[in-house]
$ cat final31.json   # JSON, C-alpha atoms and all ligand atoms
[["chain", "number", "residue", "atom", "x", "y", "z"],
["T", 1, "MET", "CA", 85.95, 89.55, 124.69],
["T", 2, "LEU", "CA", 83.09, 91.99, 124.39],
["T", 3, "PHE", "CA", 83.75, 95.17, 126.35],
["T", 4, "ASN", "CA", 81.98, 98.42, 127.00],
["T", 5, "MET", "CA", 83.60, 101.28, 125.10],
["T", 6, "LYS", "CA", 83.67, 103.35, 128.28],
["T", 7, "GLN", "CA", 85.99, 100.83, 129.92],
["T", 8, "LEU", "CA", 88.41, 101.04, 126.98],
["T", 9, "LEU", "CA", 88.42, 104.84, 126.75],
["T", 10, "ASN", "CA", 88.74, 105.43, 130.49],
["T", 11, "LYS", "CA", 91.73, 103.10, 130.60],
["T", 12, "ALA", "CA", 93.30, 104.86, 127.62],
["T", 13, "ALA", "CA", 92.77, 108.16, 129.44],
["T", 14, "GLU", "CA", 95.19, 106.97, 132.14],
["T", 15, "GLY", "CA", 97.97, 106.94, 129.52],
["T", 16, "SER", "CA", 98.86, 108.64, 126.26],
["T", 17, "TRP", "CA", 97.53, 105.99, 123.89],
["T", 18, "ALA", "CA", 94.21, 105.89, 122.01],
["T", 19, "VAL", "CA", 91.85, 103.14, 120.90],
["T", 20, "GLY", "CA", 91.37, 102.66, 117.17],
["T", 21, "SER", "CA", 87.72, 102.49, 116.15],
["T", 22, "PHE", "CA", 87.50, 100.79, 112.78],
["T", 23, "SER", "CA", 84.44, 100.93, 110.55],
["T", 24, "VAL", "CA", 83.56, 97.58, 109.00],
["T", 25, "ALA", "CA", 81.30, 96.54, 106.15],
["T", 26, "ASN", "CA", 81.84, 92.82, 105.70],
["T", 27, "LEU", "CA", 83.20, 89.66, 107.30],
["T", 28, "GLU", "CA", 86.64, 90.07, 105.75],
["T", 29, "MET", "CA", 87.13, 93.51, 107.32],
["T", 30, "VAL", "CA", 86.06, 92.20, 110.72],
["T", 31, "LEU", "CA", 88.46, 89.24, 110.46],
["T", 32, "GLY", "CA", 91.41, 91.35, 109.29],
["T", 33, "ILE", "CA", 90.99, 93.96, 112.03],
["T", 34, "ILE", "CA", 90.54, 91.40, 114.80],
["T", 35, "LYS", "CA", 93.62, 89.54, 113.51],
["T", 36, "ALA", "CA", 95.68, 92.75, 113.82],
["T", 37, "ALA", "CA", 94.28, 93.43, 117.31],
["T", 38, "GLU", "CA", 95.04, 89.90, 118.50],
["T", 39, "GLU", "CA", 98.55, 89.83, 117.01],
["T", 40, "THR", "CA", 99.44, 93.10, 118.71],
["T", 41, "ASN", "CA", 97.42, 92.39, 121.88],
["T", 42, "SER", "CA", 95.45, 95.61, 121.43],
["T", 43, "PRO", "CA", 91.98, 96.61, 122.58],
["T", 44, "ILE", "CA", 89.92, 97.75, 119.66],
["T", 45, "ILE", "CA", 86.49, 99.05, 118.63],
["T", 46, "LEU", "CA", 84.44, 97.74, 115.69],
["T", 47, "GLN", "CA", 81.84, 100.18, 114.39],
["T", 48, "ILE", "CA", 79.27, 100.71, 111.68],
["T", 49, "ALA", "CA", 77.47, 103.96, 110.80],
["T", 50, "GLU", "CA", 73.73, 104.24, 110.21],
["T", 51, "VAL", "CA", 74.25, 105.48, 106.61],
["T", 52, "ARG", "CA", 76.07, 102.21, 105.80],
["T", 53, "LEU", "CA", 73.15, 99.98, 106.75],
["T", 54, "LYS", "CA", 71.84, 99.93, 103.18],
["T", 55, "GLN", "CA", 74.94, 97.90, 102.25],
["T", 56, "SER", "CA", 75.32, 95.95, 105.53],
["T", 57, "PRO", "CA", 71.88, 95.54, 107.16],
["T", 58, "LEU", "CA", 72.13, 95.89, 110.93],
["T", 59, "GLU", "CA", 69.88, 92.89, 111.71],
["T", 60, "ILE", "CA", 72.32, 90.65, 109.79],
["T", 61, "PHE", "CA", 75.67, 92.32, 110.22],
["T", 62, "GLY", "CA", 75.28, 93.56, 113.82],
["T", 63, "PRO", "CA", 75.14, 90.05, 115.33],
["T", 64, "LEU", "CA", 78.28, 89.14, 113.33],
["T", 65, "MET", "CA", 80.16, 92.11, 114.83],
["T", 66, "VAL", "CA", 79.06, 91.21, 118.36],
["T", 67, "ALA", "CA", 79.98, 87.53, 117.86],
["T", 68, "ALA", "CA", 83.42, 88.52, 116.53],
["T", 69, "ALA", "CA", 84.00, 90.63, 119.64],
["T", 70, "LYS", "CA", 82.85, 87.85, 122.00],
["T", 71, "ASN", "CA", 85.14, 85.35, 120.28],
["T", 72, "SER", "CA", 88.17, 87.61, 120.26],
["T", 73, "LYS", "CA", 91.12, 87.13, 122.63],
["T", 74, "VAL", "CA", 91.41, 90.91, 123.16],
["T", 75, "PRO", "CA", 88.89, 93.47, 124.46],
["T", 76, "VAL", "CA", 86.61, 94.61, 121.64],
["T", 77, "ALA", "CA", 83.78, 97.15, 121.96],
["T", 78, "VAL", "CA", 81.03, 97.18, 119.34],
["T", 79, "HIS", "CA", 79.84, 100.67, 118.51],
["T", 80, "PHE", "CA", 76.97, 102.16, 116.48],
["T", 81, "ASP", "CA", 78.50, 105.14, 114.68],
["T", 82, "HIS", "CA", 76.63, 108.32, 113.62],
["T", 83, "GLY", "CA", 73.24, 107.21, 114.87],
["T", 84, "LYS", "CA", 70.59, 109.42, 113.28],
["T", 85, "THR", "CA", 67.39, 107.80, 114.53],
["T", 86, "LEU", "CA", 66.45, 106.45, 117.96],
["T", 87, "GLU", "CA", 64.87, 103.49, 116.14],
["T", 88, "LYS", "CA", 68.20, 102.25, 114.71],
["T", 89, "ILE", "CA", 70.06, 103.14, 117.91],
["T", 90, "LYS", "CA", 67.60, 100.95, 119.83],
["T", 91, "LEU", "CA", 68.06, 98.14, 117.33],
["T", 92, "ALA", "CA", 71.85, 98.27, 117.79],
["T", 93, "LEU", "CA", 71.37, 98.14, 121.58],
["T", 94, "ASP", "CA", 68.94, 95.22, 121.26],
["T", 95, "LEU", "CA", 71.59, 93.38, 119.22],
["T", 96, "GLY", "CA", 74.18, 93.82, 121.98],
["T", 97, "PHE", "CA", 76.24, 96.81, 120.82],
["T", 98, "THR", "CA", 78.06, 98.19, 123.84],
["T", 99, "SER", "CA", 78.02, 101.83, 122.76],
["T", 100, "VAL", "CA", 76.09, 104.14, 120.46],
["T", 101, "MET", "CA", 76.65, 107.58, 119.01],
["T", 102, "TYR", "CA", 73.88, 110.08, 118.54],
["T", 103, "ASP", "CA", 74.96, 112.53, 115.84],
["T", 104, "GLY", "CA", 73.24, 115.84, 116.53],
["T", 105, "SER", "CA", 75.92, 117.89, 114.79],
["T", 106, "HIS", "CA", 73.38, 119.24, 112.30],
["T", 107, "LEU", "CA", 71.04, 120.46, 115.06],
["T", 108, "THR", "CA", 71.06, 123.55, 117.25],
["T", 109, "LEU", "CA", 72.86, 123.11, 120.56],
["T", 110, "ASP", "CA", 69.52, 122.91, 122.44],
["T", 111, "GLU", "CA", 68.15, 120.27, 120.07],
["T", 112, "ASN", "CA", 71.41, 118.31, 120.17],
["T", 113, "ILE", "CA", 71.28, 118.29, 124.00],
["T", 114, "CYS", "CA", 67.65, 117.18, 123.98],
["T", 115, "MET", "CA", 68.17, 114.28, 121.52],
["T", 116, "THR", "CA", 71.42, 113.22, 123.16],
["T", 117, "ASN", "CA", 69.62, 113.02, 126.52],
["T", 118, "LYS", "CA", 66.98, 110.76, 124.96],
["T", 119, "THR", "CA", 69.79, 108.54, 123.66],
["T", 120, "VAL", "CA", 71.50, 108.45, 127.07],
["T", 121, "GLU", "CA", 68.22, 107.49, 128.77],
["T", 122, "LEU", "CA", 67.76, 104.63, 126.30],
["T", 123, "ALA", "CA", 71.38, 103.42, 126.38],
["T", 124, "LYS", "CA", 71.40, 103.36, 130.19],
["T", 125, "GLN", "CA", 68.72, 100.68, 130.12],
["T", 126, "TYR", "CA", 71.24, 98.44, 128.32],
["T", 127, "GLY", "CA", 74.34, 99.47, 130.30],
["T", 128, "ALA", "CA", 75.79, 100.88, 127.08],
["T", 129, "ALA", "CA", 77.97, 103.97, 126.61],
["T", 130, "VAL", "CA", 77.06, 107.06, 124.58],
["T", 131, "GLU", "CA", 79.17, 109.23, 122.28],
["T", 132, "ALA", "CA", 77.94, 112.59, 120.95],
["T", 133, "GLU", "CA", 79.28, 115.31, 118.68],
["T", 134, "ILE", "CA", 79.64, 119.01, 119.28],
["T", 135, "GLY", "CA", 80.55, 121.29, 116.40],
["T", 136, "CYS", "CA", 80.60, 119.55, 113.05],
["T", 137, "VAL", "CA", 83.23, 117.25, 111.54],
["T", 138, "GLY", "CA", 83.33, 117.96, 107.79],
["T", 139, "GLY", "CA", 82.48, 115.73, 104.82],
["T", 140, "SER", "CA", 80.04, 112.87, 105.38],
["T", 141, "GLU", "CA", 80.26, 109.26, 106.45],
["T", 142, "ASP", "CA", 79.41, 107.81, 103.03],
["T", 143, "GLY", "CA", 80.80, 110.62, 100.85],
["T", 144, "SER", "CA", 77.30, 111.65, 99.74],
["T", 145, "GLU", "CA", 77.65, 115.23, 101.08],
["T", 146, "ASP", "CA", 80.49, 117.68, 101.50],
["T", 147, "ILE", "CA", 79.44, 119.21, 104.81],
["T", 148, "ALA", "CA", 81.59, 122.17, 105.91],
["T", 149, "ILE", "CA", 83.78, 121.81, 108.99],
["T", 150, "ASN", "CA", 82.43, 123.77, 111.95],
["T", 151, "CYS", "CA", 85.08, 123.73, 114.69],
["T", 152, "THR", "CA", 83.83, 123.00, 118.18],
["T", 153, "SER", "CA", 83.20, 125.98, 120.42],
["T", 154, "PRO", "CA", 84.84, 125.12, 123.79],
["T", 155, "ALA", "CA", 82.04, 127.03, 125.60],
["T", 156, "ASP", "CA", 79.40, 124.89, 123.84],
["T", 157, "ALA", "CA", 81.35, 121.76, 124.78],
["T", 158, "VAL", "CA", 81.29, 122.78, 128.44],
["T", 159, "ARG", "CA", 77.54, 123.46, 128.38],
["T", 160, "PHE", "CA", 76.89, 120.22, 126.46],
["T", 161, "CYS", "CA", 78.76, 118.13, 129.01],
["T", 162, "LYS", "CA", 77.00, 119.82, 131.95],
["T", 163, "GLU", "CA", 73.58, 119.14, 130.46],
["T", 164, "THR", "CA", 74.08, 115.60, 129.15],
["T", 165, "ASP", "CA", 75.61, 112.49, 130.65],
["T", 166, "VAL", "CA", 77.67, 111.28, 127.70],
["T", 167, "ASP", "CA", 80.74, 109.06, 128.02],
["T", 168, "ALA", "CA", 82.76, 110.39, 125.06],
["T", 169, "LEU", "CA", 82.67, 113.61, 123.08],
["T", 170, "VAL", "CA", 83.45, 114.05, 119.37],
["T", 171, "ILE", "CA", 85.05, 117.38, 118.63],
["T", 172, "ALA", "CA", 85.67, 119.11, 115.32],
["T", 173, "ILE", "CA", 89.18, 120.54, 115.06],
["T", 174, "GLY", "CA", 89.68, 120.81, 111.30],
["T", 175, "ASN", "CA", 89.03, 117.12, 110.59],
["T", 176, "ALA", "CA", 86.63, 115.71, 107.99],
["T", 177, "HIS", "CA", 85.32, 112.34, 106.84],
["T", 178, "GLY", "CA", 86.67, 110.79, 103.65],
["T", 179, "ASN", "CA", 89.88, 111.52, 101.76],
["T", 180, "TYR", "CA", 91.15, 115.08, 102.30],
["T", 181, "LYS", "CA", 91.71, 117.29, 99.25],
["T", 182, "GLU", "CA", 94.83, 118.65, 100.94],
["T", 183, "THR", "CA", 96.75, 117.53, 104.02],
["T", 184, "PRO", "CA", 94.78, 118.64, 107.08],
["T", 185, "HIS", "CA", 96.36, 120.48, 109.98],
["T", 186, "LEU", "CA", 94.39, 120.11, 113.15],
["T", 187, "ARG", "CA", 93.50, 122.97, 115.52],
["T", 188, "PHE", "CA", 95.41, 121.92, 118.63],
["T", 189, "ASP", "CA", 94.53, 125.24, 120.26],
["T", 190, "ILE", "CA", 90.86, 124.16, 120.28],
["T", 191, "LEU", "CA", 91.72, 120.62, 121.37],
["T", 192, "ASN", "CA", 93.68, 121.94, 124.35],
["T", 193, "GLU", "CA", 90.97, 124.38, 125.37],
["T", 194, "VAL", "CA", 88.31, 121.66, 125.27],
["T", 195, "LYS", "CA", 90.54, 119.12, 127.02],
["T", 196, "ASN", "CA", 91.22, 121.57, 129.85],
["T", 197, "SER", "CA", 87.57, 122.36, 130.44],
["T", 198, "VAL", "CA", 85.79, 119.05, 129.73],
["T", 199, "HIS", "CA", 86.74, 115.94, 131.64],
["T", 200, "LEU", "CA", 85.68, 113.28, 129.18],
["T", 201, "PRO", "CA", 87.53, 111.08, 126.69],
["T", 202, "LEU", "CA", 87.53, 113.00, 123.39],
["T", 203, "VAL", "CA", 86.96, 111.39, 119.99],
["T", 204, "LEU", "CA", 88.55, 112.21, 116.63],
["T", 205, "HIS", "CA", 86.49, 111.36, 113.56],
["T", 206, "GLY", "CA", 87.79, 111.54, 109.99],
["T", 207, "GLY", "CA", 91.00, 109.70, 110.81],
["T", 208, "THR", "CA", 91.86, 108.85, 107.20],
["T", 209, "GLY", "CA", 94.68, 111.10, 105.97],
["T", 210, "ILE", "CA", 95.67, 112.67, 109.29],
["T", 211, "LEU", "CA", 99.45, 112.86, 109.60],
["T", 212, "PRO", "CA", 101.02, 110.37, 112.04],
["T", 213, "GLU", "CA", 102.62, 113.19, 114.07],
["T", 214, "GLU", "CA", 99.22, 114.86, 114.45],
["T", 215, "PHE", "CA", 97.64, 111.57, 115.58],
["T", 216, "ILE", "CA", 100.36, 111.30, 118.20],
["T", 217, "LYS", "CA", 99.77, 114.85, 119.42],
["T", 218, "CYS", "CA", 96.04, 114.07, 119.59],
["T", 219, "ARG", "CA", 96.42, 110.94, 121.69],
["T", 220, "GLU", "CA", 98.80, 112.78, 124.02],
["T", 221, "ASN", "CA", 96.21, 115.52, 124.47],
["T", 222, "GLY", "CA", 92.95, 113.88, 125.37],
["T", 223, "ILE", "CA", 91.82, 112.14, 122.15],
["T", 224, "LYS", "CA", 91.14, 108.57, 123.27],
["T", 225, "LYS", "CA", 89.13, 107.15, 120.36],
["T", 226, "ILE", "CA", 90.13, 107.60, 116.74],
["T", 227, "ASN", "CA", 87.74, 106.65, 113.94],
["T", 228, "ILE", "CA", 89.10, 105.13, 110.75],
["T", 229, "ALA", "CA", 86.78, 104.20, 107.88],
["T", 230, "THR", "CA", 87.88, 105.29, 104.39],
["T", 231, "ALA", "CA", 91.46, 104.08, 104.92],
["T", 232, "THR", "CA", 90.14, 100.58, 105.64],
["T", 233, "PHE", "CA", 87.84, 100.54, 102.62],
["T", 234, "ASP", "CA", 90.65, 101.87, 100.38],
["T", 235, "SER", "CA", 93.17, 99.36, 101.73],
["T", 236, "VAL", "CA", 90.79, 96.43, 101.22],
["T", 237, "GLU", "CA", 90.00, 97.55, 97.68],
["T", 238, "ALA", "CA", 93.69, 98.13, 96.83],
["T", 239, "SER", "CA", 94.70, 94.77, 98.24],
["T", 240, "ALA", "CA", 92.10, 93.00, 96.07],
["T", 241, "ARG", "CA", 93.09, 95.03, 93.00],
["T", 242, "ASN", "CA", 96.81, 94.30, 93.48],
["T", 243, "ALA", "CA", 96.08, 90.61, 93.89],
["T", 244, "TYR", "CA", 94.12, 90.64, 90.63],
["T", 245, "ASN", "CA", 96.86, 92.61, 88.85],
["T", 246, "ASN", "CA", 99.47, 90.12, 90.09],
["T", 247, "SER", "CA", 97.32, 87.16, 89.00],
["T", 248, "GLN", "CA", 97.06, 85.94, 92.59],
["T", 249, "ILE", "CA", 93.30, 85.53, 92.41],
["T", 250, "LYS", "CA", 92.28, 82.19, 90.99],
["T", 251, "GLY", "CA", 88.94, 81.99, 92.74],
["T", 252, "TYR", "CA", 86.69, 83.55, 95.37],
["T", 253, "TYR", "CA", 88.71, 82.48, 98.41],
["T", 254, "ASP", "CA", 91.83, 84.24, 97.09],
["T", 255, "LEU", "CA", 89.75, 87.41, 96.97],
["T", 256, "HIS", "CA", 88.54, 86.71, 100.52],
["T", 257, "SER", "CA", 92.18, 86.42, 101.70],
["T", 258, "ALA", "CA", 93.24, 89.58, 99.86],
["T", 259, "GLU", "CA", 90.44, 91.56, 101.53],
["T", 260, "ILE", "CA", 91.38, 90.29, 104.98],
["T", 261, "GLU", "CA", 95.00, 91.24, 104.28],
["T", 262, "GLY", "CA", 93.99, 94.78, 103.26],
["T", 263, "ALA", "CA", 91.99, 95.34, 106.46],
["T", 264, "TYR", "CA", 94.75, 93.76, 108.55],
["T", 265, "LEU", "CA", 97.57, 95.92, 107.12],
["T", 266, "ASN", "CA", 95.61, 99.14, 107.62],
["T", 267, "ALA", "CA", 94.70, 98.22, 111.21],
["T", 268, "MET", "CA", 98.33, 97.27, 112.00],
["T", 269, "LYS", "CA", 99.55, 100.65, 110.75],
["T", 270, "HIS", "CA", 97.07, 102.58, 112.90],
["T", 271, "ILE", "CA", 97.51, 100.40, 115.99],
["T", 272, "GLU", "CA", 101.19, 101.30, 115.95],
["T", 273, "ILE", "CA", 100.56, 105.05, 115.61],
["T", 274, "PHE", "CA", 97.89, 104.95, 118.33],
["T", 275, "ASP", "CA", 100.32, 103.08, 120.61],
["T", 276, "CYS", "CA", 97.71, 100.56, 121.75],
["T", 277, "SER", "CA", 99.85, 97.42, 121.28],
["T", 278, "ASP", "CA", 99.96, 95.25, 124.41],
["T", 279, "LYS", "CA", 97.37, 97.41, 126.18],
["T", 280, "ALA", "CA", 94.97, 94.42, 126.27],
["T", 281, "GLU", "CA", 96.95, 93.32, 129.32],
["T", 282, "LEU", "CA", 95.48, 96.24, 131.27],
["T", 283, "PHE", "CA", 92.07, 94.54, 131.12],
["T", 284, "ASN", "CA", 92.83, 91.13, 132.57],
["T", 285, "ASN", "CA", 89.76, 91.16, 134.83],
["T", 286, "GLY", "CA", 87.69, 90.20, 131.82],
["T", 287, "GLY", "CA", 84.84, 92.02, 130.16],
["T", 288, "ASN", "CA", 81.67, 93.15, 131.81],
["T", 289, "LYS", "CA", 79.68, 95.62, 129.85],
["T", 290, "ASN", "CA", 77.75, 96.84, 132.88],
["T", 291, "GLU", "CA", 80.75, 97.19, 135.15],
["T", 292, "LEU", "CA", 81.21, 100.93, 134.94],
["T", 293, "LEU", "CA", 77.72, 102.13, 134.18],
["A", 301, "LIG", "P1", 87.27, 108.49, 107.67],
["A", 301, "LIG", "O1", 86.43, 107.84, 106.66],
["A", 301, "LIG", "O2", 87.79, 109.81, 107.25],
["A", 301, "LIG", "O3", 88.36, 107.60, 108.17],
["A", 301, "LIG", "O4", 86.34, 108.83, 108.93],
["A", 301, "LIG", "C1", 85.89, 107.80, 109.75],
["A", 301, "LIG", "C2", 84.91, 108.26, 110.74],
["A", 301, "LIG", "O5", 85.04, 109.30, 111.34],
["A", 301, "LIG", "C3", 83.76, 107.40, 111.00],
["A", 301, "LIG", "O6", 82.83, 107.97, 111.85]]

$ encode --input "final31.json" --output "structure tokens" --more "lines below"
Ligand code: 13P
Amino acid sequence: MLFNMKQLLNKAAEGSWAVGSFSVANLEMVLGIIKAAEETNSPIILQIAEVRLKQSPLEIFGPLMVAAAKNSKVPVAVHFDHGKTLEKIKLALDLGFTSVMYDGSHLTLDENICMTNKTVELAKQYGAAVEAEIGCVGGSEDGSEDIAINCTSPADAVRFCKETDVDALVIAIGNAHGNYKETPHLRFDILNEVKNSVHLPLVLHGGTGILPEEFIKCRENGIKKINIATATFDSVEASARNAYNNSQIKGYYDLHSAEIEGAYLNAMKHIEIFDCSDKAELFNNGGNKNELL
């Protein structure tokens, strides 16, 4: 069932669970993640970032993601992650994505507000939700840059939310994309300050490598969407490599199964930590992407 991300996050905000937002790059990842979501009866988000479109072109892969969501037994939102250009954001919306992120983390606050408002204006025409970032999550989506972490200023977050109409806000609290060089410890002081002054579902990027106990503290304190990318890619690659090492791969379809298994196992692990098992039952009215917008 295709859902609007706003519906999923607002429902999660009524409890202490969070929705896993899994980056995908191929059919096997989509199948493995949906299998985990269906087995655990969990709502879930499938996402792809603009920097990944060179490997998985949006015109081809986007419709696959939307079709997988529509065919799923559980609520699935389809999200365009780290949108950098209005052109690609519009393409994702045209293809039926139910939410988009505009990433203005590299801009000044004024510029970020201005571009985010353009994104909101566009997304509203499609009944889609908008996520934006304030401060700067470290690293980069595809590992091509090692951008420094710039923790969110709670005062900037307040101004940003007053001057834009976003549905979810990404904050930087010591987290970074990609594998961490050392175990990260998140700034819960900043999280709490933002949570107490901004009444929006908050989003944690850079989920790979965060300690389970810190994930739990996050979901209990306003983080309602958690992005996982590198852990999925690593799990898929490791699953294929192990299958080769154990001589389990005799042909292409054994590789296909090993990749699905890698994505499935990683999603199962995170679904448990995010406590979203059985939460699909909370949405038994069915999906309607325009319902809340
Ligand atoms: P990781 O690659 O660190 O899991 O980050 C995912 C992410 O935040 C995607 O936007």

$ residues_around --input "final31.json" --residues "T:Lys279" --least-positions-apart "2" --cutoff "10 Å" --atoms "only C-alpha atoms" --output "list of chain:residue names"
T:Leu8, T:Lys11, T:Ala12, T:Trp17, T:Ala18, T:Val19, T:Thr40, T:Asn41, T:Ser42, T:Pro43, T:Ile44, T:Val74, T:Pro75, T:Asp275, T:Cys276, T:Ser277, T:Glu281, T:Leu282, T:Phe283

$ atom_distance --input "final31.json" --atom1 "atom CA of T:Leu200" --atom2 "atom CA of T:Ala168"
5.8 Å

$ residues_near_ligand --input "final31.json" --ligand "ligand LIG 301 (chain A)" --cutoff "9 Å" --atoms "only C-alpha atoms and all ligand atoms" --output "ChimeraX atom specification"
/T:21-23,47-49,81-82,137,139-143,175-180,204-210,226-233

$ residues_around --input "final31.json" --residues "T:Glu28" --least-positions-apart "2" --cutoff "6 Å" --atoms "only C-alpha atoms" --output "PyMOL selection string"
chain T and resi 26+30-31+259-260

$ atom_distance --input "final31.json" --atom1 "atom CA of T:Val24" --atom2 "atom CA of T:Asn71"
16.7 Å

$ atom_distance --input "final31.json" --atom1 "atom CA of T:Val198" --atom2 "atom CA of T:His185"
22.4 Å

$ closest_residue --input "final31.json" --among "T:Cys136, T:Leu2, T:Leu91, T:Ile45" --to "T:Ala267" --atoms "all atoms listed in the file"
T:Ile45

$ closest_atom_pairs --input "final31.json" --of "stretch 3-120 of chain T" --to "stretch 150-156 of chain T" --cutoff "12 Å" --atoms "only C-alpha atoms" --output "JSON lines"
{"residue": "T:Ser105", "atom": "CA", "partner": "T:Asn150", "partner_atom": "CA", "distance": 9.2}
{"residue": "T:His106", "atom": "CA", "partner": "T:Asn150", "partner_atom": "CA", "distance": 10.1}
{"residue": "T:Thr108", "atom": "CA", "partner": "T:Asp156", "partner_atom": "CA", "distance": 10.7}
{"residue": "T:Leu109", "atom": "CA", "partner": "T:Asp156", "partner_atom": "CA", "distance": 7.5}
{"residue": "T:Asp110", "atom": "CA", "partner": "T:Asp156", "partner_atom": "CA", "distance": 10.2}
{"residue": "T:Asn112", "atom": "CA", "partner": "T:Asp156", "partner_atom": "CA", "distance": 11.0}
{"residue": "T:Ile113", "atom": "CA", "partner": "T:Asp156", "partner_atom": "CA", "distance": 10.5}

$ closest_atom_pairs --input "final31.json" --of "stretch 93-186 of chain T" --to "stretch 61-70 of chain T" --cutoff "10 Å" --atoms "all atoms listed in the file" --output "CSV"
residue,atom,partner,partner_atom,distance
T:Leu93,CA,T:Gly62,CA,9.8
T:Asp94,CA,T:Gly62,CA,9.9
T:Leu95,CA,T:Pro63,CA,6.2
T:Gly96,CA,T:Val66,CA,6.6
T:Phe97,CA,T:Val66,CA,6.7
T:Thr98,CA,T:Val66,CA,8.9

$ closest_residue --input "final31.json" --among "T:Pro57, T:Gly104, T:Pro184, T:Gly135" --to "T:Phe215" --atoms "only C-alpha atoms"
T:Pro184

$ closest_residue --input "final31.json" --among "T:Ile134, T:Ala128, T:Glu39, T:Phe188" --to "T:Leu107" --atoms "only C-alpha atoms"
T:Ile134

$ closest_residue --input "final31.json" --among "T:Arg159, T:Lys225, T:Arg187, T:Lys90" --to "T:Gly174" --atoms "only C-alpha atoms"
T:Arg187

$ build_atoms --input "final31.json" --residues "stretch 100-105 of chain T" --atoms "all heavy atoms" --output "compact mmCIF listing (two decimals), keeping the file's coordinate frame"
# COMPACT_ATOMS: atom_id res chain seq x y z
N VAL T 100 76.78 103.54 121.60
CA VAL T 100 76.09 104.14 120.46
C VAL T 100 76.46 105.61 120.41
O VAL T 100 76.74 106.24 121.43
CB VAL T 100 74.55 104.01 120.60
CG1 VAL T 100 74.10 102.57 120.47
CG2 VAL T 100 74.03 104.61 121.90
N MET T 101 76.47 106.14 119.16
CA MET T 101 76.65 107.58 119.01
C MET T 101 75.32 108.17 118.54
O MET T 101 74.69 107.62 117.64
CB MET T 101 77.72 107.86 117.94
CG MET T 101 77.85 109.34 117.63
SD MET T 101 78.92 109.65 116.20
CE MET T 101 78.86 111.45 116.17
N TYR T 102 74.94 109.28 119.14
CA TYR T 102 73.88 110.08 118.54
C TYR T 102 74.56 111.26 117.87
O TYR T 102 75.31 112.00 118.53
CB TYR T 102 72.83 110.57 119.58
CG TYR T 102 71.83 111.43 118.86
CD1 TYR T 102 70.89 110.83 118.03
CD2 TYR T 102 71.89 112.81 118.91
CE1 TYR T 102 70.01 111.61 117.27
CE2 TYR T 102 71.02 113.60 118.16
CZ TYR T 102 70.09 112.98 117.34
OH TYR T 102 69.25 113.74 116.58
N ASP T 103 74.32 111.43 116.58
CA ASP T 103 74.96 112.53 115.84
C ASP T 103 73.98 113.69 115.69
O ASP T 103 73.14 113.70 114.80
CB ASP T 103 75.41 112.01 114.47
CG ASP T 103 76.06 113.12 113.64
OD1 ASP T 103 76.11 114.27 114.11
OD2 ASP T 103 76.53 112.82 112.53
N GLY T 104 74.11 114.66 116.59
CA GLY T 104 73.24 115.84 116.53
C GLY T 104 74.00 117.05 116.01
O GLY T 104 73.61 118.19 116.27
N SER T 105 75.06 116.78 115.23
CA SER T 105 75.92 117.89 114.79
C SER T 105 75.21 118.85 113.84
O SER T 105 75.64 119.97 113.67
CB SER T 105 77.20 117.33 114.14
OG SER T 105 76.85 116.52 113.04
